[in-house]
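Colleague: Hey, dropping upload12.tsv in here, TSV, C-alpha atoms:
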```tsv
chain	number	residue	atom	x	y	z
A	1	MET	CA	45.68	-6.88	65.04
A	2	LYS	CA	46.50	-3.43	63.69
A	3	ILE	CA	43.94	-2.43	61.08
A	4	GLY	CA	44.35	0.64	58.86
A	5	ILE	CA	41.29	2.15	57.17
A	6	ASP	CA	41.00	5.16	54.86
A	7	ILE	CA	38.02	7.22	56.05
A	8	SER	CA	38.61	10.22	53.74
A	9	GLN	CA	35.29	9.72	51.93
A	10	LEU	CA	33.42	10.79	55.07
A	11	VAL	CA	33.77	14.37	53.84
A	12	TYR	CA	31.35	13.65	50.97
A	13	GLN	CA	28.34	14.02	53.25
A	14	GLY	CA	25.08	12.66	51.89
A	15	SER	CA	26.75	10.22	49.50
A	16	GLY	CA	26.37	6.47	49.71
A	17	VAL	CA	30.10	5.91	50.28
A	18	ALA	CA	30.10	8.39	53.17
A	19	LYS	CA	27.16	6.60	54.81
A	20	TYR	CA	28.89	3.25	54.30
A	21	THR	CA	32.15	4.46	55.86
A	22	GLU	CA	30.41	6.16	58.78
A	23	SER	CA	28.41	3.07	59.73
A	24	LEU	CA	31.10	0.48	59.00
A	25	VAL	CA	33.72	2.24	61.13
A	26	LYS	CA	31.31	2.74	64.04
A	27	TRP	CA	30.34	-0.93	64.13
A	28	LEU	CA	33.89	-2.20	63.47
A	29	VAL	CA	35.11	-0.35	66.54
A	30	LYS	CA	32.34	-1.98	68.62
A	31	ALA	CA	32.84	-5.47	67.19
A	32	GLY	CA	36.64	-5.36	67.28
A	33	GLU	CA	37.33	-4.19	70.81
A	34	LYS	CA	40.60	-6.18	70.87
A	35	GLU	CA	41.85	-4.64	67.61
A	36	GLU	CA	43.72	-1.40	67.05
A	37	PHE	CA	42.28	0.84	64.35
A	38	PHE	CA	44.48	3.32	62.53
A	39	PHE	CA	42.10	5.68	60.75
A	40	PHE	CA	43.70	7.60	57.90
A	41	GLY	CA	41.96	10.66	56.51
A	42	SER	CA	43.17	13.44	54.28
A	43	SER	CA	41.35	16.68	53.56
A	44	LEU	CA	42.52	20.22	52.98
A	45	ARG	CA	39.25	21.93	53.96
A	46	ASN	CA	37.20	19.37	55.91
A	47	GLN	CA	39.62	17.90	58.40
A	48	LYS	CA	37.50	19.15	61.29
A	49	LEU	CA	34.67	16.92	60.11
A	50	LEU	CA	37.00	13.91	60.25
A	51	ARG	CA	38.32	14.84	63.69
A	52	ASP	CA	34.84	15.40	65.08
A	53	TYR	CA	33.63	12.06	63.74
A	54	LEU	CA	36.49	10.11	65.33
A	55	ARG	CA	36.12	12.01	68.58
A	56	GLY	CA	32.44	11.09	68.65
A	57	LEU	CA	33.26	7.37	68.58
A	58	SER	CA	34.75	7.66	72.11
A	59	ALA	CA	36.79	4.47	71.81
A	60	LYS	CA	40.22	3.68	73.23
A	61	ASN	CA	41.28	1.45	70.34
A	62	ILE	CA	41.37	4.30	67.82
A	63	LYS	CA	44.57	5.85	66.44
A	64	PRO	CA	43.74	8.88	64.23
A	65	ARG	CA	46.14	9.53	61.36
A	66	LEU	CA	44.85	12.68	59.67
A	67	THR	CA	46.71	14.90	57.19
A	68	PHE	CA	46.12	18.09	55.20
A	69	LEU	CA	47.35	16.66	51.88
A	70	PRO	CA	44.99	17.73	49.04
A	71	PRO	CA	43.15	14.94	47.18
A	72	LYS	CA	44.74	15.95	43.86
A	73	ILE	CA	48.23	15.30	45.21
A	74	LEU	CA	47.23	11.90	46.58
A	75	GLU	CA	45.45	11.04	43.33
A	76	PHE	CA	48.72	11.67	41.47
A	77	LEU	CA	50.90	9.81	43.99
A	78	TRP	CA	48.64	6.79	44.52
A	79	ASN	CA	46.34	6.41	41.51
A	80	GLY	CA	48.84	7.90	39.06
A	81	VAL	CA	52.49	6.98	39.62
A	82	HIS	CA	51.51	4.62	42.46
A	83	LEU	CA	54.29	5.60	44.84
A	84	PHE	CA	54.62	6.56	48.53
A	85	ALA	CA	53.38	3.69	50.70
A	86	ILE	CA	50.57	4.35	53.16
A	87	GLU	CA	52.86	3.26	56.00
A	88	ASN	CA	54.69	6.58	55.61
A	89	LEU	CA	51.56	8.30	56.94
A	90	ILE	CA	50.06	5.82	59.40
A	91	GLY	CA	52.91	3.57	60.53
A	92	LYS	CA	53.03	-0.21	60.42
A	93	VAL	CA	49.72	-2.08	60.29
A	94	ASP	CA	48.71	-5.68	59.54
A	95	VAL	CA	46.03	-4.94	56.96
A	96	PHE	CA	44.84	-1.79	55.18
A	97	HIS	CA	41.31	-1.14	53.87
A	98	THR	CA	41.42	1.37	51.02
A	99	SER	CA	38.76	3.94	50.20
A	100	ASP	CA	36.36	4.37	47.32
A	101	TRP	CA	38.64	6.99	45.77
A	102	LEU	CA	42.33	6.33	46.51
A	103	GLU	CA	44.56	3.26	46.19
A	104	PRO	CA	47.90	3.76	47.99
A	105	PRO	CA	50.72	1.21	47.75
A	106	ALA	CA	51.27	-0.80	50.93
A	107	ALA	CA	53.68	-3.44	52.18
A	108	VAL	CA	50.81	-5.28	53.89
A	109	ASN	CA	47.65	-7.10	52.86
A	110	LYS	CA	45.06	-4.80	51.31
A	111	VAL	CA	41.28	-4.89	51.08
A	112	THR	CA	39.00	-2.53	49.21
A	113	THR	CA	35.25	-2.15	48.95
A	114	ILE	CA	33.83	-1.75	45.46
A	115	HIS	CA	30.41	-0.14	45.64
A	116	ASP	CA	29.59	-0.20	41.94
A	117	LEU	CA	31.16	-0.07	38.48
A	118	ALA	CA	29.06	2.76	37.09
A	119	ILE	CA	32.17	4.32	35.50
A	120	PHE	CA	32.27	1.37	33.10
A	121	LYS	CA	28.53	0.81	32.66
A	122	TYR	CA	27.38	4.45	32.53
A	123	PRO	CA	30.49	6.61	31.88
A	124	GLU	CA	28.38	9.18	30.04
A	125	THR	CA	26.58	10.08	33.26
A	126	PHE	CA	29.77	11.45	34.86
A	127	SER	CA	31.13	14.94	34.36
A	128	PRO	CA	34.53	16.28	35.54
A	129	ARG	CA	34.09	18.34	38.68
A	130	GLY	CA	36.40	20.21	41.02
A	131	GLY	CA	39.32	19.50	38.74
A	132	HIS	CA	38.76	15.73	39.03
A	133	ASP	CA	38.14	13.45	36.06
A	134	ILE	CA	36.01	10.94	37.94
A	135	VAL	CA	36.03	8.20	35.30
A	136	ALA	CA	39.77	8.36	34.63
A	137	ASN	CA	40.65	8.47	38.31
A	138	GLN	CA	38.43	5.52	39.20
A	139	LYS	CA	39.77	3.42	36.34
A	140	ARG	CA	43.33	4.06	37.52
A	141	LYS	CA	42.37	3.15	41.08
A	142	LEU	CA	40.67	-0.08	40.00
A	143	HIS	CA	43.69	-1.02	37.89
A	144	PHE	CA	45.79	-1.07	41.06
A	145	VAL	CA	43.02	-2.80	43.03
A	146	LYS	CA	43.14	-5.66	40.56
A	147	GLN	CA	46.93	-5.68	40.60
A	148	ASP	CA	47.68	-5.23	44.32
A	149	ASN	CA	44.72	-6.10	46.52
A	150	ASP	CA	44.39	-9.42	48.25
A	151	PHE	CA	40.64	-9.17	48.70
A	152	VAL	CA	37.68	-7.20	47.37
A	153	ILE	CA	34.43	-6.63	49.23
A	154	ALA	CA	31.38	-6.30	46.98
A	155	VAL	CA	28.26	-4.74	48.52
A	156	SER	CA	25.86	-6.92	46.50
A	157	GLU	CA	25.75	-9.94	44.21
A	158	THR	CA	25.08	-7.49	41.38
A	159	THR	CA	28.35	-5.70	42.08
A	160	LYS	CA	30.20	-9.01	42.47
A	161	ASN	CA	29.01	-10.11	39.03
A	162	ASP	CA	30.13	-6.80	37.54
A	163	ILE	CA	33.56	-7.13	39.17
A	164	GLN	CA	34.04	-10.59	37.69
A	165	GLU	CA	32.75	-9.61	34.26
A	166	ILE	CA	34.42	-6.21	33.86
A	167	LEU	CA	37.54	-6.31	36.02
A	168	LYS	CA	38.15	-10.05	35.60
A	169	ILE	CA	38.95	-10.44	39.28
A	170	PRO	CA	38.54	-14.13	40.22
A	171	GLU	CA	35.63	-15.10	42.46
A	172	LYS	CA	37.93	-16.46	45.19
A	173	ARG	CA	39.17	-12.89	45.82
A	174	ILE	CA	35.66	-11.42	46.20
A	175	LYS	CA	33.25	-11.57	49.13
A	176	VAL	CA	29.73	-10.13	49.16
A	177	ILE	CA	29.04	-8.24	52.39
A	178	TYR	CA	25.74	-6.39	52.41
A	179	GLU	CA	25.22	-2.93	53.88
A	180	ALA	CA	22.24	-2.08	56.10
A	181	ALA	CA	20.12	0.85	57.15
A	182	ASP	CA	21.47	2.77	60.11
A	183	PRO	CA	19.37	1.80	63.19
A	184	PHE	CA	18.74	5.54	63.49
A	185	TYR	CA	16.11	5.17	60.76
A	186	SER	CA	12.76	4.22	62.29
A	187	VAL	CA	9.18	5.47	62.19
A	188	ARG	CA	8.79	9.04	63.47
A	189	ASP	CA	5.59	10.26	65.11
A	190	VAL	CA	3.10	12.40	63.21
A	191	GLY	CA	4.01	15.54	65.17
A	192	LYS	CA	7.63	15.45	64.09
A	193	VAL	CA	6.61	14.70	60.51
A	194	ARG	CA	4.21	17.64	60.54
A	195	ASP	CA	6.93	20.00	61.82
A	196	VAL	CA	9.33	19.01	59.03
A	197	LYS	CA	6.61	19.38	56.39
A	198	GLU	CA	5.78	22.85	57.68
A	199	LYS	CA	9.46	23.84	57.66
A	200	TYR	CA	9.79	22.97	53.97
A	201	GLY	CA	6.32	24.06	52.90
A	202	ILE	CA	5.11	20.57	51.97
A	203	LYS	CA	1.32	20.47	51.83
A	204	GLY	CA	-0.79	17.34	51.67
A	205	GLU	CA	0.62	13.95	50.68
A	206	TYR	CA	3.89	13.48	48.82
A	207	PHE	CA	6.16	11.01	47.10
A	208	LEU	CA	9.82	11.09	48.10
A	209	CYS	CA	13.00	10.71	46.03
A	210	VAL	CA	16.39	10.56	47.81
A	211	GLY	CA	19.89	10.58	46.32
A	212	THR	CA	22.63	12.72	44.83
A	213	ARG	CA	21.18	14.55	41.83
A	214	GLU	CA	23.09	13.08	38.90
A	215	PRO	CA	21.97	11.59	35.55
A	216	ARG	CA	22.16	7.95	36.71
A	217	LYS	CA	19.50	8.61	39.36
A	218	ASN	CA	16.98	9.05	36.53
A	219	LEU	CA	15.06	11.88	38.23
A	220	ASP	CA	13.86	13.30	34.93
A	221	ARG	CA	11.69	10.21	34.34
A	222	ALA	CA	10.42	10.35	37.92
A	223	LEU	CA	9.32	13.93	37.21
A	224	MET	CA	7.66	12.87	33.98
A	225	ALA	CA	5.83	10.08	35.81
A	226	PHE	CA	4.66	12.45	38.52
A	227	SER	CA	3.37	14.85	35.89
A	228	GLU	CA	1.11	12.07	34.57
A	229	ILE	CA	-0.69	11.58	37.88
A	230	ALA	CA	-0.42	15.07	39.42
A	231	GLY	CA	-3.23	16.58	37.39
A	232	ALA	CA	-5.75	14.04	38.70
A	233	GLN	CA	-4.48	14.12	42.29
A	234	GLU	CA	-4.12	17.75	43.32
A	235	ASN	CA	-3.15	16.98	46.91
A	236	LEU	CA	0.03	15.16	45.85
A	237	SER	CA	3.56	16.58	45.72
A	238	LEU	CA	6.96	15.20	44.76
A	239	VAL	CA	9.79	15.91	47.22
A	240	ILE	CA	13.40	15.47	46.09
A	241	VAL	CA	16.12	15.22	48.74
A	242	GLY	CA	19.84	15.16	47.97
A	243	LYS	CA	22.64	17.46	46.96
A	244	TYR	CA	23.43	18.31	43.35
A	245	GLY	CA	26.20	16.10	42.00
A	246	TRP	CA	26.92	16.67	38.33
A	247	GLY	CA	25.39	16.72	34.86
A	248	GLU	CA	22.17	18.46	33.88
A	249	ASP	CA	20.08	19.09	36.96
A	250	SER	CA	16.76	17.56	35.93
A	251	ALA	CA	15.34	18.46	39.34
A	252	LYS	CA	14.74	22.03	38.14
A	253	CYS	CA	11.22	20.79	37.47
A	254	LYS	CA	10.50	22.31	34.09
A	255	VAL	CA	8.22	19.52	32.90
A	256	PRO	CA	4.61	20.78	32.54
A	257	LEU	CA	1.74	19.01	34.24
A	258	GLN	CA	-0.36	16.73	32.06
A	259	GLY	CA	-4.01	17.43	31.39
A	260	LYS	CA	-5.89	20.72	31.39
A	261	GLN	CA	-3.81	22.51	33.99
A	262	SER	CA	-1.27	25.00	32.70
A	263	ALA	CA	0.79	25.17	35.90
A	264	LYS	CA	4.40	24.08	35.87
A	265	LEU	CA	5.63	21.04	37.74
A	266	GLU	CA	7.78	23.25	39.97
A	267	ASP	CA	4.57	24.33	41.72
A	268	ARG	CA	4.08	20.77	42.99
A	269	ALA	CA	7.65	19.46	43.19
A	270	LYS	CA	10.11	20.57	45.85
A	271	VAL	CA	13.88	20.18	45.68
A	272	LEU	CA	15.14	20.37	49.26
A	273	GLY	CA	18.81	19.58	48.70
A	274	LEU	CA	20.68	17.92	51.56
A	275	VAL	CA	18.67	17.74	54.80
A	276	GLU	CA	19.54	16.79	58.36
A	277	LYS	CA	19.43	13.08	59.21
A	278	GLU	CA	16.48	13.50	61.59
A	279	GLU	CA	14.57	15.44	58.94
A	280	LEU	CA	15.19	12.68	56.41
A	281	ALA	CA	13.82	10.06	58.81
A	282	CYS	CA	10.71	12.23	59.23
A	283	LEU	CA	10.33	12.65	55.47
A	284	TYR	CA	10.58	8.89	54.94
A	285	SER	CA	8.01	8.31	57.71
A	286	GLY	CA	5.48	10.73	56.25
A	287	ALA	CA	5.79	9.90	52.55
A	288	LYS	CA	3.08	8.21	50.54
A	289	ALA	CA	5.87	6.14	49.01
A	290	PHE	CA	9.60	6.25	48.30
A	291	VAL	CA	10.35	6.37	44.57
A	292	TYR	CA	13.80	5.08	43.52
A	293	PRO	CA	14.07	5.06	39.71
A	294	SER	CA	17.85	4.70	39.44
A	295	LEU	CA	19.32	3.17	36.29
A	296	TYR	CA	22.12	1.48	38.22
A	297	GLU	CA	23.22	1.07	41.84
A	298	GLY	CA	25.80	-1.03	43.59
A	299	PHE	CA	23.49	-1.47	46.58
A	300	GLY	CA	20.70	1.09	47.00
A	301	LEU	CA	20.87	1.98	50.69
A	302	PRO	CA	17.87	4.41	50.64
A	303	ILE	CA	15.62	1.42	49.91
A	304	LEU	CA	16.34	-0.05	53.35
A	305	GLU	CA	16.24	3.36	55.05
A	306	ALA	CA	12.74	3.95	53.68
A	307	MET	CA	11.54	0.48	54.65
A	308	SER	CA	12.87	0.96	58.19
A	309	CYS	CA	10.76	4.12	58.49
A	310	GLY	CA	7.57	2.42	57.39
A	311	CYS	CA	7.64	3.95	53.91
A	312	PRO	CA	6.43	1.82	50.96
A	313	VAL	CA	9.06	1.41	48.24
A	314	ILE	CA	8.63	1.49	44.48
A	315	THR	CA	11.85	1.04	42.56
A	316	SER	CA	13.61	-0.14	39.41
A	317	ASN	CA	13.20	-3.78	38.44
A	318	ILE	CA	16.89	-4.27	37.68
A	319	GLY	CA	20.21	-5.02	39.35
A	320	SER	CA	20.80	-4.41	43.03
A	321	MET	CA	17.51	-2.53	43.51
A	322	LYS	CA	15.58	-5.73	42.84
A	323	GLU	CA	18.13	-7.77	44.80
A	324	ILE	CA	17.96	-5.61	47.93
A	325	ALA	CA	14.21	-4.89	47.88
A	326	GLY	CA	13.35	-8.58	47.44
A	327	ASP	CA	9.59	-9.15	47.56
A	328	ALA	CA	8.96	-6.00	49.59
A	329	ALA	CA	8.52	-3.41	46.81
A	330	LEU	CA	6.62	-2.55	43.65
A	331	PHE	CA	8.87	-2.59	40.59
A	332	PHE	CA	8.94	-0.75	37.27
A	333	ASP	CA	11.10	-0.41	34.18
A	334	PRO	CA	13.14	2.74	34.99
A	335	GLU	CA	13.23	3.73	31.31
A	336	LYS	CA	9.42	3.85	31.06
A	337	PRO	CA	7.83	6.83	32.84
A	338	GLU	CA	4.39	5.32	32.30
A	339	GLU	CA	5.34	2.30	34.45
A	340	ILE	CA	6.71	4.55	37.18
A	341	ALA	CA	3.46	6.53	37.08
A	342	GLU	CA	1.39	3.35	37.26
A	343	ALA	CA	3.26	2.18	40.39
A	344	MET	CA	2.92	5.62	42.02
A	345	SER	CA	-0.79	5.68	41.28
A	346	LYS	CA	-1.30	2.16	42.63
A	347	VAL	CA	0.28	3.02	45.98
A	348	SER	CA	-1.49	6.35	46.31
A	349	ARG	CA	-4.95	4.93	45.52
A	350	ASN	CA	-4.84	1.48	47.16
A	351	ASP	CA	-4.48	1.48	50.95
A	352	LYS	CA	-4.23	-2.31	51.13
A	353	THR	CA	-1.31	-2.37	48.70
A	354	ARG	CA	0.41	0.33	50.70
A	355	GLU	CA	-0.12	-1.44	54.04
A	356	ASN	CA	1.24	-4.72	52.65
A	357	LEU	CA	4.34	-2.98	51.34
A	358	ILE	CA	4.95	-1.37	54.74
A	359	LEU	CA	4.76	-4.72	56.57
A	360	GLN	CA	6.92	-6.49	53.99
A	361	GLY	CA	9.39	-3.62	54.11
A	362	PHE	CA	9.88	-3.85	57.89
A	363	LYS	CA	10.58	-7.57	57.54
A	364	ARG	CA	13.01	-7.12	54.65
A	365	ALA	CA	14.98	-4.30	56.28
A	366	GLY	CA	15.33	-6.44	59.41
A	367	GLU	CA	17.30	-9.02	57.43
A	368	PHE	CA	20.24	-6.59	57.17
A	369	SER	CA	22.34	-5.23	60.03
A	370	TRP	CA	25.57	-3.26	60.42
A	371	GLU	CA	26.67	-5.55	63.24
A	372	LYS	CA	26.61	-8.45	60.77
A	373	THR	CA	28.43	-6.31	58.18
A	374	ALA	CA	31.19	-5.40	60.65
A	375	LEU	CA	31.69	-8.98	61.85
A	376	GLN	CA	31.95	-10.28	58.28
A	377	THR	CA	34.42	-7.51	57.42
A	378	LEU	CA	36.58	-8.40	60.45
A	379	GLU	CA	36.54	-12.01	59.25
A	380	VAL	CA	38.02	-10.83	55.94
A	381	TYR	CA	40.79	-8.94	57.76
A	382	HIS	CA	41.65	-11.95	59.94
A	383	SER	CA	41.67	-14.33	56.96
A	384	LEU	CA	44.49	-12.31	55.40
A	385	VAL	CA	46.77	-12.13	58.46
```
Would it be possible to restate this file's structure as structure tokens?

Modeller:
Amino acid sequence: MKIGIDISQLVYQGSGVAKYTESLVKWLVKAGEKEEFFFFGSSLRNQKLLRDYLRGLSAKNIKPRLTFLPPKILEFLWNGVHLFAIENLIGKVDVFHTSDWLEPPAAVNKVTTIHDLAIFKYPETFSPRGGHDIVANQKRKLHFVKQDNDFVIAVSETTKNDIQEILKIPEKRIKVIYEAADPFYSVRDVGKVRDVKEKYGIKGEYFLCVGTREPRKNLDRALMAFSEIAGAQENLSLVIVGKYGWGEDSAKCKVPLQGKQSAKLEDRAKVLGLVEKEELACLYSGAKAFVYPSLYEGFGLPILEAMSCGCPVITSNIGSMKEIAGDAALFFDPEKPEEIAEAMSKVSRNDKTRENLILQGFKRAGEFSWEKTALQTLEVYHSLV
């Protein structure tokens, strides 16, 4: 079978959709040795990244189809007037898997993955950036997904329910296929953790937040929660990893510490931005706990990454966060900083609670795998041809 896949979103390094595409493609190529994969990617400035990624797969069943067409032009052609079939750029295929961002017309069966519907549930948390109106573009894309696509992959039951409720796509056209943590994420030894902490000036114990810095990630309440416990636990820090996305950057740490201290939170909170993959694994491994206070996620991949590295997880008690974490996390209401603070304090002060969360986390993360994800995705392709 000839399978076309848009891998353009790989250029958004550090994002959930980039991690999904990177892992899915790698495991699809392994699982589908008898298939031919036509990988389409378009980028004006980052085509080298796409070429290097495909070259690194070292597989004979890969047919790169990369172009220099700017995203704005493709947005207009595909999500706007909906013209110019993908076959003009990649040739004839049997099925085409569209990206998170673009929805080209095609004469063949189409599949798309919907990661979340935040543009409908939390439109106020998005701001135009780089000349792109994110909400408007995504709504146009999803209009054509509903109209044209034969099948939709949802990354969680939460997302599936949103697709049925908001987009009115019938259940028979939706399949839930879970993501997984990259096997790369595992416990790192104390020496490597120490080196990374020294590099970034992290002293003592720390809580870790990971994700693109945008309003939906709810970092301002995580900072408020940390300020409640930081005064009483002077050896604790809060480390924030992830690139700035859009909206007000709450990670500027201007919230004052509670109690008698007059110091600012920025003295105890560190915003590292995007870090190397190995460094992130070390930061997970050394953290007192991973704090994930998001208001809404389609999946919540960092939860499984943290668990795989032996890091206790405390996260929001709603949606996919609760679905993916299962019984292996402490939960809180993400709109109540006092509950976040209570969970942070419980993990930092109770070794038994922390040890139980680590053991439960290993077990839970082991229930997900990219090999399973790839095989289930291939089944979807084959069912349409």

Colleague: Of the candidates A:Ile240, A:Ala287, A:Ile166, A:Leu44, which one gets nearest to A:Glu205 if we count all atoms listed in the file?

Modeller: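 Nearest candidate to A:Glu205 out of A:Ile240, A:Ala287, A:Ile166, A:Leu44: A:Ala287.
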
Colleague: Using all atoms listed in the file, which residues sit within 10 Å of A:Glu342 once same-chain residues fewer than 2 positions away are excluded, as a list in words?

Modeller: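 The neighbour list is Ala225, Phe226, Glu228, Ile229, Phe332, Pro337, Glu338, Glu339, Ile340, Met344, Ser345, Lys346, Val347 and Ser348 of chain A.
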
Colleague: Please save C-alpha atoms of the selected residues as a PDB file, in the coordinates of the input.

Modeller:
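Wrote it out as again19.pdb, contents follow:
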```pdb
ATOM      1  CA  ALA A 225       5.830  10.080  35.810  1.00  0.00           C
ATOM      2  CA  PHE A 226       4.660  12.450  38.520  1.00  0.00           C
ATOM      3  CA  GLU A 228       1.110  12.070  34.570  1.00  0.00           C
ATOM      4  CA  ILE A 229      -0.690  11.580  37.880  1.00  0.00           C
ATOM      5  CA  PHE A 332       8.940  -0.750  37.270  1.00  0.00           C
ATOM      6  CA  PRO A 337       7.830   6.830  32.840  1.00  0.00           C
ATOM      7  CA  GLU A 338       4.390   5.320  32.300  1.00  0.00           C
ATOM      8  CA  GLU A 339       5.340   2.300  34.450  1.00  0.00           C
ATOM      9  CA  ILE A 340       6.710   4.550  37.180  1.00  0.00           C
ATOM     10  CA  MET A 344       2.920   5.620  42.020  1.00  0.00           C
ATOM     11  CA  SER A 345      -0.790   5.680  41.280  1.00  0.00           C
ATOM     12  CA  LYS A 346      -1.300   2.160  42.630  1.00  0.00           C
ATOM     13  CA  VAL A 347       0.280   3.020  45.980  1.00  0.00           C
ATOM     14  CA  SER A 348      -1.490   6.350  46.310  1.00  0.00           C
TER      15      SER A 348
END
```

Colleague: Between atom CA of A:Pro183 and atom CA of A:Val17, what is the spacing in Å?

Modeller: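 Atom CA of A:Pro183 lies 17.3 Å from atom CA of A:Val17.
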
Colleague: Env of A:Ala269: 6 Å cut, atoms = only C-alpha atoms, seq-sep filter 4 positions within chain, self excluded. Answer as a PDB file with C-alpha atoms, keeping the file's coordinate frame.

Modeller:
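Result file follows (around_6.pdb):
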```
ATOM      1  CA  SER A 237       3.560  16.580  45.720  1.00  0.00           C
ATOM      2  CA  LEU A 238       6.960  15.200  44.760  1.00  0.00           C
ATOM      3  CA  VAL A 239       9.790  15.910  47.220  1.00  0.00           C
TER       4      VAL A 239
END
```

Colleague: For atom CA of A:Arg45 and atom CA of A:Ser8, determine how far apart the two atoms are, in Å to one decimal place.

Modeller: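 Atom CA of A:Ser8 lies at a distance of 11.7 Å from atom CA of A:Arg45.
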
Colleague: Identify the residues within 10 Å of coordinate (53.3, -2.2, 54.1) (same frame as the file), considering all atoms listed in the file, and give the answer as an NGL selection string.

Modeller: :A and (85-88 or 91-96 or 105-110)

Colleague: Store the residues of this selection in a file with C-alpha atoms, as a PDB file, keeping the file's coordinate frame.

Modeller:
```
ATOM      1  CA  ALA A  85      53.380   3.690  50.700  1.00  0.00           C
ATOM      2  CA  ILE A  86      50.570   4.350  53.160  1.00  0.00           C
ATOM      3  CA  GLU A  87      52.860   3.260  56.000  1.00  0.00           C
ATOM      4  CA  ASN A  88      54.690   6.580  55.610  1.00  0.00           C
ATOM      5  CA  GLY A  91      52.910   3.570  60.530  1.00  0.00           C
ATOM      6  CA  LYS A  92      53.030  -0.210  60.420  1.00  0.00           C
ATOM      7  CA  VAL A  93      49.720  -2.080  60.290  1.00  0.00           C
ATOM      8  CA  ASP A  94      48.710  -5.680  59.540  1.00  0.00           C
ATOM      9  CA  VAL A  95      46.030  -4.940  56.960  1.00  0.00           C
ATOM     10  CA  PHE A  96      44.840  -1.790  55.180  1.00  0.00           C
ATOM     11  CA  PRO A 105      50.720   1.210  47.750  1.00  0.00           C
ATOM     12  CA  ALA A 106      51.270  -0.800  50.930  1.00  0.00           C
ATOM     13  CA  ALA A 107      53.680  -3.440  52.180  1.00  0.00           C
ATOM     14  CA  VAL A 108      50.810  -5.280  53.890  1.00  0.00           C
ATOM     15  CA  ASN A 109      47.650  -7.100  52.860  1.00  0.00           C
ATOM     16  CA  LYS A 110      45.060  -4.800  51.310  1.00  0.00           C
TER      17      LYS A 110
END
```

Colleague: Mind giving me the straight-line distance from atom CA of A:Glu198 to atom CA of A:Tyr292 in Å, one decimal?

Modeller: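 Interatomic distance, atom CA of A:Glu198 to atom CA of A:Tyr292: 24.1 Å.
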
Colleague: Please list as a ChimeraX atom specification every residue within 12 Å of A:Leu208, counting all atoms listed in the file and excluding residues in the same chain fewer than 2 positions away.

Modeller: /A:202,205-206,210-211,219,222-223,226,236-242,269-272,280-293,302-303,306,311-315,344
